[in-house]
$ cat final_17.txt   # compact mmCIF, C-alpha atoms
# COMPACT_ATOMS: atom_id res chain seq x y z
CA MET A 140 109.98 61.61 134.10
CA ASP A 141 112.32 58.63 134.05
CA LEU A 142 112.47 57.14 130.55
CA PHE A 143 111.45 53.68 131.72
CA GLU A 144 108.53 55.11 133.73
CA LYS A 145 107.37 56.98 130.64
CA ILE A 146 107.40 53.76 128.63
CA ALA A 147 105.46 51.94 131.33
CA ALA A 148 102.82 54.66 131.25
CA ASN A 149 102.48 54.73 127.46
CA ARG A 150 102.93 51.43 125.65
CA GLY A 151 102.09 52.87 122.22
CA PRO A 152 98.99 52.31 120.03
CA LEU A 153 99.86 48.66 119.35
CA GLY A 154 101.80 47.83 122.51
CA VAL A 155 98.82 48.71 124.68
CA HIS A 156 97.20 45.49 123.46
CA SER A 157 100.24 43.27 124.02
CA HIS A 158 98.85 41.73 127.21
CA TYR A 159 96.47 39.59 125.17
CA ALA A 160 97.79 39.96 121.61
CA HIS A 161 101.35 38.70 122.02
CA GLY A 162 101.88 35.22 120.63
CA TYR A 163 98.54 35.07 118.86
CA PHE A 164 97.52 38.28 117.11
CA ALA A 165 101.02 39.74 117.27
CA PHE A 166 104.30 37.82 117.08
CA PRO A 167 102.57 34.51 116.19
CA LYS A 168 104.73 31.45 115.55
CA LEU A 169 104.22 29.58 112.29
CA GLU A 170 106.13 26.32 112.34
CA GLY A 171 107.20 23.77 109.77
CA GLU A 172 108.43 24.23 106.21
CA ILE A 173 107.41 27.42 104.43
CA LYS A 174 104.41 26.40 102.34
CA PRO A 175 100.68 27.14 102.13
CA ARG A 176 99.91 24.85 105.04
CA MET A 177 101.92 25.31 108.24
CA ILE A 178 101.46 24.66 111.95
CA PHE A 179 100.08 27.34 114.27
CA ARG A 180 99.76 26.47 117.97
CA GLY A 181 99.68 22.76 117.17
CA LYS A 182 97.12 22.95 114.36
CA GLU A 183 97.54 22.97 110.59
CA VAL A 184 96.41 26.24 109.02
CA LEU A 185 96.16 27.49 105.45
CA THR A 186 98.57 30.40 105.46
CA TRP A 187 98.06 33.62 103.48
CA SER A 188 100.47 35.88 105.32
CA LEU A 189 103.88 35.06 103.84
CA ASN A 190 105.45 37.26 101.14
CA ASN A 191 106.73 34.16 99.37
CA TYR A 192 105.12 35.33 96.12
CA LEU A 193 106.88 32.99 93.69
CA GLY A 194 107.18 30.03 96.05
CA LEU A 195 110.98 30.20 96.06
CA ALA A 196 111.37 29.69 99.82
CA ASN A 197 111.26 25.93 99.40
CA HIS A 198 112.02 25.57 95.70
CA PRO A 199 114.33 22.53 95.44
CA GLU A 200 116.95 24.37 93.36
CA VAL A 201 116.97 27.24 95.86
CA ARG A 202 117.28 24.92 98.84
CA LYS A 203 120.14 23.10 97.14
CA ALA A 204 121.97 26.33 96.28
CA ASP A 205 121.52 27.70 99.81
CA ALA A 206 122.76 24.49 101.43
CA GLU A 207 125.78 24.09 99.16
CA ALA A 208 126.79 27.72 99.57
CA ALA A 209 126.50 27.51 103.36
CA ALA A 210 128.63 24.34 103.36
CA GLU A 211 131.27 25.88 101.08
CA TYR A 212 131.52 29.38 102.53
CA GLY A 213 129.93 29.38 105.98
CA MET A 214 128.04 32.45 107.16
CA ALA A 215 131.07 34.59 108.04
CA LEU A 216 132.64 35.06 104.60
CA PRO A 217 133.36 37.75 103.58
CA MET A 218 134.42 39.38 106.84
CA GLY A 219 134.16 43.13 107.21
CA ALA A 220 132.37 45.89 105.34
CA ARG A 221 132.60 45.76 101.56
CA MET A 222 134.59 48.98 101.38
CA MET A 223 137.30 47.59 103.69
CA SER A 224 137.58 43.82 103.25
CA GLY A 225 134.16 42.36 102.41
CA ASN A 226 133.91 42.59 98.65
CA SER A 227 133.88 39.60 96.27
CA ASN A 228 133.41 38.71 92.61
CA LEU A 229 130.07 37.11 93.46
CA HIS A 230 128.78 40.29 95.11
CA GLU A 231 129.68 42.21 91.96
CA GLN A 232 128.20 39.51 89.71
CA LEU A 233 124.89 39.73 91.57
CA GLU A 234 124.89 43.50 91.23
CA ASN A 235 125.54 43.27 87.49
CA GLU A 236 122.80 40.69 86.96
CA LEU A 237 120.28 42.66 89.00
CA ALA A 238 121.07 45.85 87.07
CA GLU A 239 120.53 44.05 83.78
CA PHE A 240 117.29 42.46 85.00
CA VAL A 241 115.71 45.79 86.04
CA MET A 242 117.16 47.55 82.98
CA LYS A 243 119.42 50.00 84.83
CA PRO A 244 123.11 50.79 84.20
CA ASP A 245 124.36 49.89 87.69
CA CYS A 246 123.29 48.39 91.00
CA MET A 247 124.38 48.27 94.64
CA LEU A 248 123.64 45.47 97.08
CA LEU A 249 122.19 46.39 100.48
CA ASN A 250 122.11 44.34 103.67
CA PHE A 251 118.48 45.06 104.50
CA GLY A 252 115.55 46.73 102.78
CA TYR A 253 114.24 48.95 105.57
CA GLN A 254 117.69 50.15 106.55
CA GLY A 255 118.60 50.57 102.89
CA VAL A 256 115.72 52.92 102.06
CA VAL A 257 116.39 55.09 105.11
CA SER A 258 120.07 55.31 104.22
CA ILE A 259 119.49 56.02 100.52
CA ILE A 260 117.31 59.00 101.40
CA ASP A 261 119.87 60.21 103.93
CA ALA A 262 122.68 60.02 101.37
CA MET A 263 120.77 61.56 98.46
CA VAL A 264 119.54 64.83 99.99
CA ASN A 265 120.84 67.67 102.15
CA ARG A 266 119.21 70.68 103.80
CA HIS A 267 118.99 72.57 100.50
CA ASP A 268 116.96 69.79 98.84
CA VAL A 269 113.23 69.08 99.08
CA ILE A 270 111.52 65.69 99.36
CA VAL A 271 107.98 65.14 98.04
CA TYR A 272 106.46 61.76 98.91
CA ASP A 273 103.21 59.78 98.69
CA ALA A 274 101.02 59.88 101.80
CA GLU A 275 100.72 56.08 101.96
CA SER A 276 104.46 55.42 101.75
CA HIS A 277 105.93 52.53 103.73
CA ALA A 278 107.35 53.18 107.19
CA CYS A 279 110.93 52.92 105.90
CA ILE A 280 110.28 55.88 103.59
CA ILE A 281 108.58 57.85 106.36
CA ASP A 282 111.51 57.25 108.71
CA GLY A 283 114.00 58.26 106.02
CA VAL A 284 112.06 61.43 105.32
CA ARG A 285 111.96 62.29 109.03
CA LEU A 286 115.76 62.37 109.09
CA HIS A 287 115.86 64.95 106.27
CA ALA A 288 117.22 68.31 107.41
CA GLY A 289 115.45 70.21 104.63
CA LYS A 290 111.83 70.71 103.65
CA ARG A 291 109.51 67.83 102.90
CA PHE A 292 106.01 67.79 101.47
CA VAL A 293 103.49 64.95 101.30
CA TYR A 294 100.96 64.52 98.48
CA VAL A 295 97.61 62.75 98.60
CA HIS A 296 98.02 59.09 97.65
CA ASN A 297 98.29 58.71 93.87
CA ASP A 298 96.76 62.17 93.36
CA MET A 299 98.71 63.86 90.58
CA ALA A 300 97.04 67.25 91.15
CA SER A 301 98.17 67.12 94.77
CA LEU A 302 101.66 66.05 93.69
CA GLU A 303 101.91 68.96 91.26
CA LYS A 304 100.82 71.39 93.96
CA GLN A 305 103.58 70.11 96.25
CA LEU A 306 106.11 70.21 93.41
CA GLU A 307 105.29 73.87 92.84
CA ARG A 308 105.99 74.54 96.53
CA ALA A 309 109.19 72.52 96.35
CA LYS A 310 110.40 74.34 93.23
CA ARG A 311 109.92 77.74 94.85
CA ILE A 312 112.24 76.62 97.64
CA THR A 313 114.89 75.00 95.45
CA ASP A 314 114.94 78.05 93.16
CA GLU A 315 116.16 79.95 96.24
CA THR A 316 118.41 77.29 97.80
CA GLY A 317 119.89 75.87 94.62
CA GLY A 318 118.90 72.39 95.78
CA GLY A 319 117.09 69.58 94.01
CA ILE A 320 113.79 67.73 94.39
CA LEU A 321 113.44 64.03 95.19
CA VAL A 322 110.01 62.44 94.68
CA ILE A 323 109.48 59.15 96.51
CA THR A 324 106.70 56.65 95.97
CA GLU A 325 106.11 52.90 95.80
CA GLY A 326 105.60 50.60 92.86
CA VAL A 327 103.05 48.49 94.74
CA PHE A 328 101.67 49.69 98.06
CA GLY A 329 101.90 46.78 100.46
CA MET A 330 98.65 47.34 102.35
CA SER A 331 96.19 48.42 99.65
CA GLY A 332 97.78 46.56 96.74
CA ASN A 333 97.42 49.69 94.61
CA GLN A 334 100.10 50.41 92.08
CA GLY A 335 101.75 53.78 92.44
CA ASP A 336 100.79 56.04 89.55
CA LEU A 337 104.34 55.98 88.22
CA ARG A 338 103.25 56.96 84.74
CA GLY A 339 101.56 60.07 86.13
CA VAL A 340 104.59 60.97 88.23
CA VAL A 341 107.01 60.54 85.34
CA ALA A 342 104.83 62.77 83.15
CA LEU A 343 105.60 65.68 85.52
CA LYS A 344 109.37 65.27 85.44
CA GLU A 345 110.10 67.52 82.50
CA LYS A 346 108.12 70.42 83.96
CA TYR A 347 109.58 70.22 87.47
CA GLN A 348 112.92 68.48 86.88
CA PHE A 349 112.90 66.22 89.91
CA ARG A 350 114.41 62.79 90.44
CA LEU A 351 112.18 59.79 91.15
CA PHE A 352 112.99 57.13 93.77
CA VAL A 353 110.66 54.08 93.69
CA ASP A 354 110.43 51.42 96.39
CA ASP A 355 109.18 48.38 94.46
CA ALA A 356 109.45 45.76 97.19
CA HIS A 357 106.12 44.13 96.26
CA GLY A 358 106.45 44.71 92.51
CA PHE A 359 109.85 43.15 91.83
CA GLY A 360 109.30 39.61 90.51
CA THR A 361 105.50 39.95 90.44
CA MET A 362 104.82 42.83 88.04
CA GLY A 363 105.79 43.44 84.42
CA THR A 364 106.25 41.08 81.49
CA THR A 365 109.59 39.76 82.75
CA GLY A 366 109.01 40.45 86.45
CA ALA A 367 111.25 43.53 86.38
CA GLY A 368 108.64 45.41 88.37
CA THR A 369 105.94 48.03 88.32
CA GLY A 370 107.91 50.38 86.08
CA GLU A 371 108.00 47.66 83.44
CA GLU A 372 104.29 47.00 84.04
CA GLN A 373 103.48 50.64 83.33
CA GLY A 374 106.00 51.06 80.54
CA ILE A 375 108.03 53.76 82.27
CA GLN A 376 111.02 51.89 83.72
CA ASP A 377 113.37 54.43 82.10
CA GLY A 378 111.61 57.23 84.00
CA ILE A 379 112.57 55.75 87.39
CA ASP A 380 115.88 57.31 88.45
CA LEU A 381 116.51 55.10 91.48
CA TYR A 382 114.87 51.68 91.59
CA PHE A 383 114.83 49.82 94.90
CA SER A 384 113.66 46.38 95.95
CA THR A 385 114.20 43.95 98.77
CA PHE A 386 115.01 40.23 98.63
CA ALA A 387 112.46 39.59 101.40
CA LYS A 388 109.46 39.22 99.09
CA SER A 389 109.70 37.47 95.71
CA MET A 390 113.27 36.35 96.36
CA ALA A 391 112.35 34.81 99.75
CA SER A 392 115.65 35.77 101.34
CA ILE A 393 117.49 38.62 103.10
CA GLY A 394 119.05 41.66 101.49
CA ALA A 395 118.08 44.37 99.01
CA PHE A 396 119.40 46.46 96.14
CA VAL A 397 119.19 49.88 94.54
CA ALA A 398 119.74 50.41 90.81
CA GLY A 399 120.27 53.54 88.75
CA PRO A 400 122.87 55.58 86.83
CA GLU A 401 126.50 54.49 87.29
CA ASN A 402 127.65 57.81 88.77
CA VAL A 403 124.79 57.88 91.29
CA ILE A 404 125.29 54.28 92.38
CA GLU A 405 129.02 54.96 92.72
CA TYR A 406 128.15 57.96 94.90
CA LEU A 407 125.95 55.80 97.10
CA ARG A 408 128.70 53.17 97.48
CA TYR A 409 130.93 55.80 99.01
CA ASN A 410 128.31 57.71 100.99
CA MET A 411 125.69 55.30 102.36
CA ARG A 412 126.70 55.08 106.00
CA SER A 413 124.56 52.01 106.73
CA GLN A 414 126.61 50.06 104.17
CA ILE A 415 130.04 51.65 104.70
CA PHE A 416 129.94 50.75 108.38
CA ALA A 417 128.15 47.38 108.14
CA LYS A 418 129.41 43.87 107.51
CA SER A 419 129.07 42.63 103.94
CA LEU A 420 126.14 40.43 102.93
CA PRO A 421 127.22 36.83 103.73
CA MET A 422 128.23 34.70 100.77
CA PRO A 423 125.43 32.10 101.07
CA LEU A 424 122.87 34.91 100.75
CA VAL A 425 124.66 36.23 97.66
CA VAL A 426 124.91 32.79 96.01
CA GLY A 427 121.30 32.08 96.96
CA ALA A 428 120.18 35.38 95.44
CA LEU A 429 121.97 34.55 92.20
CA LYS A 430 120.04 31.28 91.99
CA ARG A 431 116.75 33.01 92.78
CA LEU A 432 117.35 35.63 90.13
CA GLU A 433 118.17 32.88 87.63
CA LEU A 434 114.80 31.28 88.35
CA LEU A 435 113.01 34.61 87.92
CA ARG A 436 114.57 34.86 84.46
CA THR A 437 114.22 31.25 83.32
CA GLN A 438 110.98 30.03 84.92
CA PRO A 439 108.20 32.46 83.92
CA GLU A 440 105.69 29.84 85.01
CA LEU A 441 106.36 30.89 88.61
CA LYS A 442 104.85 34.32 88.00
CA GLU A 443 102.14 32.80 85.80
CA ASN A 444 101.13 30.43 88.62
CA LEU A 445 101.05 33.35 91.05
CA TRP A 446 98.71 35.36 88.83
CA THR A 447 96.42 32.38 88.28
CA ILE A 448 95.86 32.30 92.04
CA VAL A 449 95.63 36.10 92.30
CA ARG A 450 92.95 36.35 89.62
CA ALA A 451 90.91 33.47 91.07
CA LEU A 452 91.09 34.86 94.58
CA GLN A 453 90.32 38.47 93.74
CA SER A 454 87.54 37.75 91.26
CA GLY A 455 86.02 35.22 93.65
CA LEU A 456 86.02 37.68 96.55
CA ARG A 457 84.50 40.44 94.42
CA GLU A 458 81.79 38.11 93.11
CA LYS A 459 80.81 37.34 96.71
CA GLY A 460 80.51 41.05 97.49
CA PHE A 461 83.71 41.55 99.45
CA ASN A 462 85.43 44.92 99.38
CA ILE A 463 89.04 44.41 98.29
CA GLY A 464 89.61 48.04 97.38
CA SER A 465 91.28 48.88 94.08
CA THR A 466 94.19 46.47 94.27
CA SER A 467 95.93 45.84 90.95
CA SER A 468 98.67 43.60 92.32
CA PRO A 469 98.87 40.28 94.17
CA VAL A 470 98.36 42.05 97.53
CA THR A 471 94.72 41.40 98.44
CA PRO A 472 93.16 43.39 101.28
CA VAL A 473 89.71 42.35 102.47
CA LEU A 474 88.08 45.35 104.15
CA LEU A 475 85.44 44.73 106.80
CA GLN A 476 83.61 47.05 109.19
CA GLY A 477 84.12 46.56 112.90
CA GLU A 478 85.98 47.52 116.03
CA LEU A 479 88.98 45.94 117.72
CA THR A 480 86.88 43.34 119.54
CA ASP A 481 85.33 42.30 116.23
CA ALA A 482 88.77 42.10 114.66
CA THR A 483 90.14 39.80 117.32
CA GLN A 484 87.07 37.56 117.15
CA VAL A 485 87.17 37.39 113.36
CA THR A 486 90.83 36.40 113.45
CA PHE A 487 90.25 33.85 116.20
CA ASP A 488 87.32 32.31 114.32
CA LEU A 489 89.25 32.07 111.06
CA ARG A 490 92.26 30.44 112.69
CA GLU A 491 90.57 28.13 115.17
CA ASN A 492 87.38 27.11 113.36
CA HIS A 493 88.23 27.46 109.68
CA GLY A 494 91.98 26.80 109.66
CA ILE A 495 92.73 30.08 107.82
CA PHE A 496 95.74 32.16 108.86
CA CYS A 497 95.99 35.64 107.38
CA SER A 498 97.32 38.89 108.77
CA ILE A 499 94.97 41.22 110.61
CA VAL A 500 95.47 44.97 110.31
CA VAL A 501 93.72 47.43 112.62
CA TYR A 502 93.97 51.05 113.73
CA PRO A 503 96.33 52.98 113.55
CA VAL A 504 97.45 51.29 110.31
CA VAL A 505 93.90 51.57 108.94
CA PRO A 506 91.16 54.01 110.07
CA LYS A 507 89.09 53.30 113.17
CA GLY A 508 86.12 51.09 112.43
CA VAL A 509 87.94 49.24 109.66
CA ILE A 510 89.30 45.70 109.86
CA MET A 511 91.70 44.63 107.12
CA LEU A 512 92.39 40.97 106.49
CA ARG A 513 95.50 41.05 104.30
CA ILE A 514 95.98 38.10 101.97
CA ILE A 515 99.23 37.38 100.13
CA PRO A 516 98.67 34.82 97.35
CA THR A 517 101.65 32.80 96.16
CA ALA A 518 102.56 30.59 93.23
CA VAL A 519 102.31 27.49 95.45
CA HIS A 520 98.73 28.05 96.59
CA THR A 521 96.01 26.08 94.79
CA LEU A 522 92.53 26.86 93.50
CA ASP A 523 91.17 24.60 96.25
CA ASP A 524 92.91 26.87 98.77
CA VAL A 525 91.12 29.83 97.19
CA ASP A 526 87.71 28.13 97.37
CA MET A 527 88.21 27.13 101.01
CA THR A 528 89.20 30.67 101.96
CA ILE A 529 86.32 32.42 100.22
CA LYS A 530 83.79 30.06 101.86
CA ALA A 531 85.31 30.75 105.29
CA PHE A 532 85.20 34.50 104.66
CA GLU A 533 81.50 34.24 103.74
CA VAL A 534 80.74 32.65 107.11
CA VAL A 535 82.75 35.25 108.98
CA GLN A 536 81.17 38.13 107.05
CA GLU A 537 77.68 36.90 107.94
CA LYS A 538 78.54 36.67 111.65
CA LEU A 539 80.05 40.14 111.56
CA ALA A 540 76.96 41.60 109.89
CA LYS A 541 74.75 40.05 112.59
CA GLY A 542 76.88 41.57 115.35
CA LEU A 543 77.75 38.18 116.81
CA TYR A 544 81.42 38.99 117.32
CA SER A 545 80.77 42.18 119.27
CA LYS A 546 78.90 40.17 121.91
CA ALA A 547 81.77 37.73 122.44
CA GLU A 548 84.62 38.05 124.90
CA ILE A 549 88.21 38.27 123.74
CA PRO A 550 89.52 34.71 124.06
CA ALA A 551 91.62 34.28 127.19
CA GLY A 552 94.95 32.52 127.46
CA LEU A 553 96.13 33.19 123.93
CA GLN A 554 99.62 34.42 124.82
CA GLY A 555 102.78 32.44 124.28
$ encode --input "final_17.txt" --output "structure tokens"
Amino acid sequence: MDLFEKIAANRGPLGVHSHYAHGYFAFPKLEGEIKPRMIFRGKEVLTWSLNNYLGLANHPEVRKADAEAAAEYGMALPMGARMMSGNSNLHEQLENELAEFVMKPDCMLLNFGYQGVVSIIDAMVNRHDVIVYDAESHACIIDGVRLHAGKRFVYVHNDMASLEKQLERAKRITDETGGGILVITEGVFGMSGNQGDLRGVVALKEKYQFRLFVDDAHGFGTMGTTGAGTGEEQGIQDGIDLYFSTFAKSMASIGAFVAGPENVIEYLRYNMRSQIFAKSLPMPLVVGALKRLELLRTQPELKENLWTIVRALQSGLREKGFNIGSTSSPVTPVLLQGELTDATQVTFDLRENHGIFCSIVVYPVVPKGVIMLRIIPTAVHTLDDVDMTIKAFEVVQEKLAKGLYSKAEIPAGLQG
């Protein structure tokens, strides 16, 4: 079959709904300044779908630093990949400050988070090595694991007995191949809000002698006493061998980093193909990241404000009987029962009649029959925002329980 004909015949589990979803349920356009209230299709909505955890996207010091850096350097400098012509003192300063902040000896900047994780996995293991990873790992981890030429085993999410079983299998293989074992998990899982059981994983290291790679995209800046992440939160930061985070969440920017032992980071600098053959991170993003990191260090009230909203939202939802799973992070999933038609109607009702914009997650990301409304609290939300949202969710929940949404038609003309 011709490749294009094959695509036309099978649009994929999400793409099959694009004829009505595009522009409304998928690829929506939020306009205006990044803040709790933005404009969606001409109407103001209370927005809970932006990973702007600490409210830095429009922090006046951040905006000033971004603007001044863009005026001074432009977006082109430095030109070329860092290995060839794109290095700078500011890139190295940012790496040093990030390493110190997450309590690791060294650090390497990455252009993008998703690409970075895939490339780290690719560089760290060969066909003699074995990867063991959490079943609920982010897509970037899954894609990196798929590229692995050796064996890979998945363990039940946060189940240490399952992990140990897979480590035993991995060790039998590496005893024969002479390879090593890389365990991969997340600090905070971005859909459920659960923390990875990093303490449990680290406790198995001495017995099985593996290395631990943690993707802490949602934990960096939000978890731990200083905001250094989920490892700090659980008191095992030293047990994380490679610590990764992106700038796309708490830092409200573009880029990422990986931190760990000096010799390993040096190895990655010379072996990560996605960085060796990619243009260096533009200077305004580097200068902007330095300012953001400074605010993480010097303004603890940002994280305190975030957690005030998180606690109010999560306790309020639980008190009203909503199922928010076992989240122990700012990520707040609200789990409802219903089919795709219900999900679209719930989302439409929230946005059009209650002025609430949050992300909707359906099968295949969650099981069939489950609707997840994913809420991301931030430091710039208010307690009034929380009250408004919980009241709207109560109305929606009642309609869903009465089966009112199942009887409705999917709204027409939502595209664009």
$ closest_residue --input "final_17.txt" --among "A:Cys497, A:Val155, A:Leu432, A:Leu474" --to "Ala391 in chain A" --atoms "all atoms listed in the file"
A:Leu432
$ residues_around --input "final_17.txt" --residues "Tyr409 in chain A" --least-positions-apart "2" --cutoff "12 Å" --atoms "only C-alpha atoms" --output "list in words"
Ala220, Arg221, Met222, Met223, Met247, Ile259, Ala262, Met263, Asn402, Val403, Ile404, Glu405, Tyr406, Leu407, Met411, Arg412, Ser413, Gln414, Ile415 and Phe416 of chain A
$ atom_distance --input "final_17.txt" --atom1 "CA of Val485 in chain A" --atom2 "CA of Leu193 in chain A"
28.2 Å
$ closest_residue --input "final_17.txt" --among "A:Lys418, A:Arg180, A:Arg513, A:Lys538" --to "Ala215 in chain A" --atoms "all atoms listed in the file"
A:Lys418
$ residues_around --input "final_17.txt" --residues "Lys290 in chain A" --least-positions-apart "4" --cutoff "8 Å" --atoms "only C-alpha atoms" --output "VMD selection string"
chain A and resid 266 268 to 270 309
$ closest_atom_pairs --input "final_17.txt" --of "range 384-488 of chain A" --to "range 340-358 of chain A" --cutoff "9 Å" --atoms "all atoms listed in the file" --output "CSV"
residue,atom,partner,partner_atom,distance
A:Ser384,CA,A:Ala356,CA,4.4
A:Thr385,CA,A:Ala356,CA,5.3
A:Phe386,CA,A:Ala356,CA,8.0
A:Ala387,CA,A:Ala356,CA,8.1
A:Lys388,CA,A:His357,CA,6.6
A:Ser389,CA,A:His357,CA,7.6
A:Ala395,CA,A:Ala356,CA,8.9
A:Ser468,CA,A:Gly358,CA,7.9
A:Pro469,CA,A:His357,CA,8.5
A:Val470,CA,A:His357,CA,8.1
$ closest_residue --input "final_17.txt" --among "A:Ile323, A:Ala428, A:Pro199, A:Asn410" --to "Asp261 in chain A" --atoms "all atoms listed in the file"
A:Asn410
$ closest_residue --input "final_17.txt" --among "A:Gly154, A:Gly317, A:Gly162, A:Pro175" --to "Ile495 in chain A" --atoms "only C-alpha atoms"
A:Pro175
$ closest_residue --input "final_17.txt" --among "A:Ile510, A:Met362, A:Ile515, A:Val271" --to "Lys442 in chain A" --atoms "only C-alpha atoms"
A:Met362
$ atom_distance --input "final_17.txt" --atom1 "CA of Gly171 in chain A" --atom2 "CA of Asn191 in chain A"
14.7 Å
$ residues_near_point --input "final_17.txt" --point "(84.9, 36.5, 110.1)" --cutoff "10 Å" --atoms "only C-alpha atoms" --output "PDB file with C-alpha atoms, keeping the file's coordinate frame"
ATOM      1  CA  LEU A 475      85.440  44.730 106.800  1.00  0.00           C
ATOM      2  CA  ASP A 481      85.330  42.300 116.230  1.00  0.00           C
ATOM      3  CA  ALA A 482      88.770  42.100 114.660  1.00  0.00           C
ATOM      4  CA  THR A 483      90.140  39.800 117.320  1.00  0.00           C
ATOM      5  CA  GLN A 484      87.070  37.560 117.150  1.00  0.00           C
ATOM      6  CA  VAL A 485      87.170  37.390 113.360  1.00  0.00           C
ATOM      7  CA  THR A 486      90.830  36.400 113.450  1.00  0.00           C
ATOM      8  CA  PHE A 487      90.250  33.850 116.200  1.00  0.00           C
ATOM      9  CA  ASP A 488      87.320  32.310 114.320  1.00  0.00           C
ATOM     10  CA  LEU A 489      89.250  32.070 111.060  1.00  0.00           C
ATOM     11  CA  ARG A 490      92.260  30.440 112.690  1.00  0.00           C
ATOM     12  CA  HIS A 493      88.230  27.460 109.680  1.00  0.00           C
ATOM     13  CA  LEU A 512      92.390  40.970 106.490  1.00  0.00           C
ATOM     14  CA  ALA A 531      85.310  30.750 105.290  1.00  0.00           C
ATOM     15  CA  PHE A 532      85.200  34.500 104.660  1.00  0.00           C
ATOM     16  CA  GLU A 533      81.500  34.240 103.740  1.00  0.00           C
ATOM     17  CA  VAL A 534      80.740  32.650 107.110  1.00  0.00           C
ATOM     18  CA  VAL A 535      82.750  35.250 108.980  1.00  0.00           C
ATOM     19  CA  GLN A 536      81.170  38.130 107.050  1.00  0.00           C
ATOM     20  CA  GLU A 537      77.680  36.900 107.940  1.00  0.00           C
ATOM     21  CA  LYS A 538      78.540  36.670 111.650  1.00  0.00           C
ATOM     22  CA  LEU A 539      80.050  40.140 111.560  1.00  0.00           C
ATOM     23  CA  ALA A 540      76.960  41.600 109.890  1.00  0.00           C
ATOM     24  CA  LEU A 543      77.750  38.180 116.810  1.00  0.00           C
ATOM     25  CA  TYR A 544      81.420  38.990 117.320  1.00  0.00           C
TER      26      TYR A 544
END
$ closest_residue --input "final_17.txt" --among "A:Ile393, A:Val500, A:Ala204, A:Leu237" --to "Met330 in chain A" --atoms "all atoms listed in the file"
A:Val500
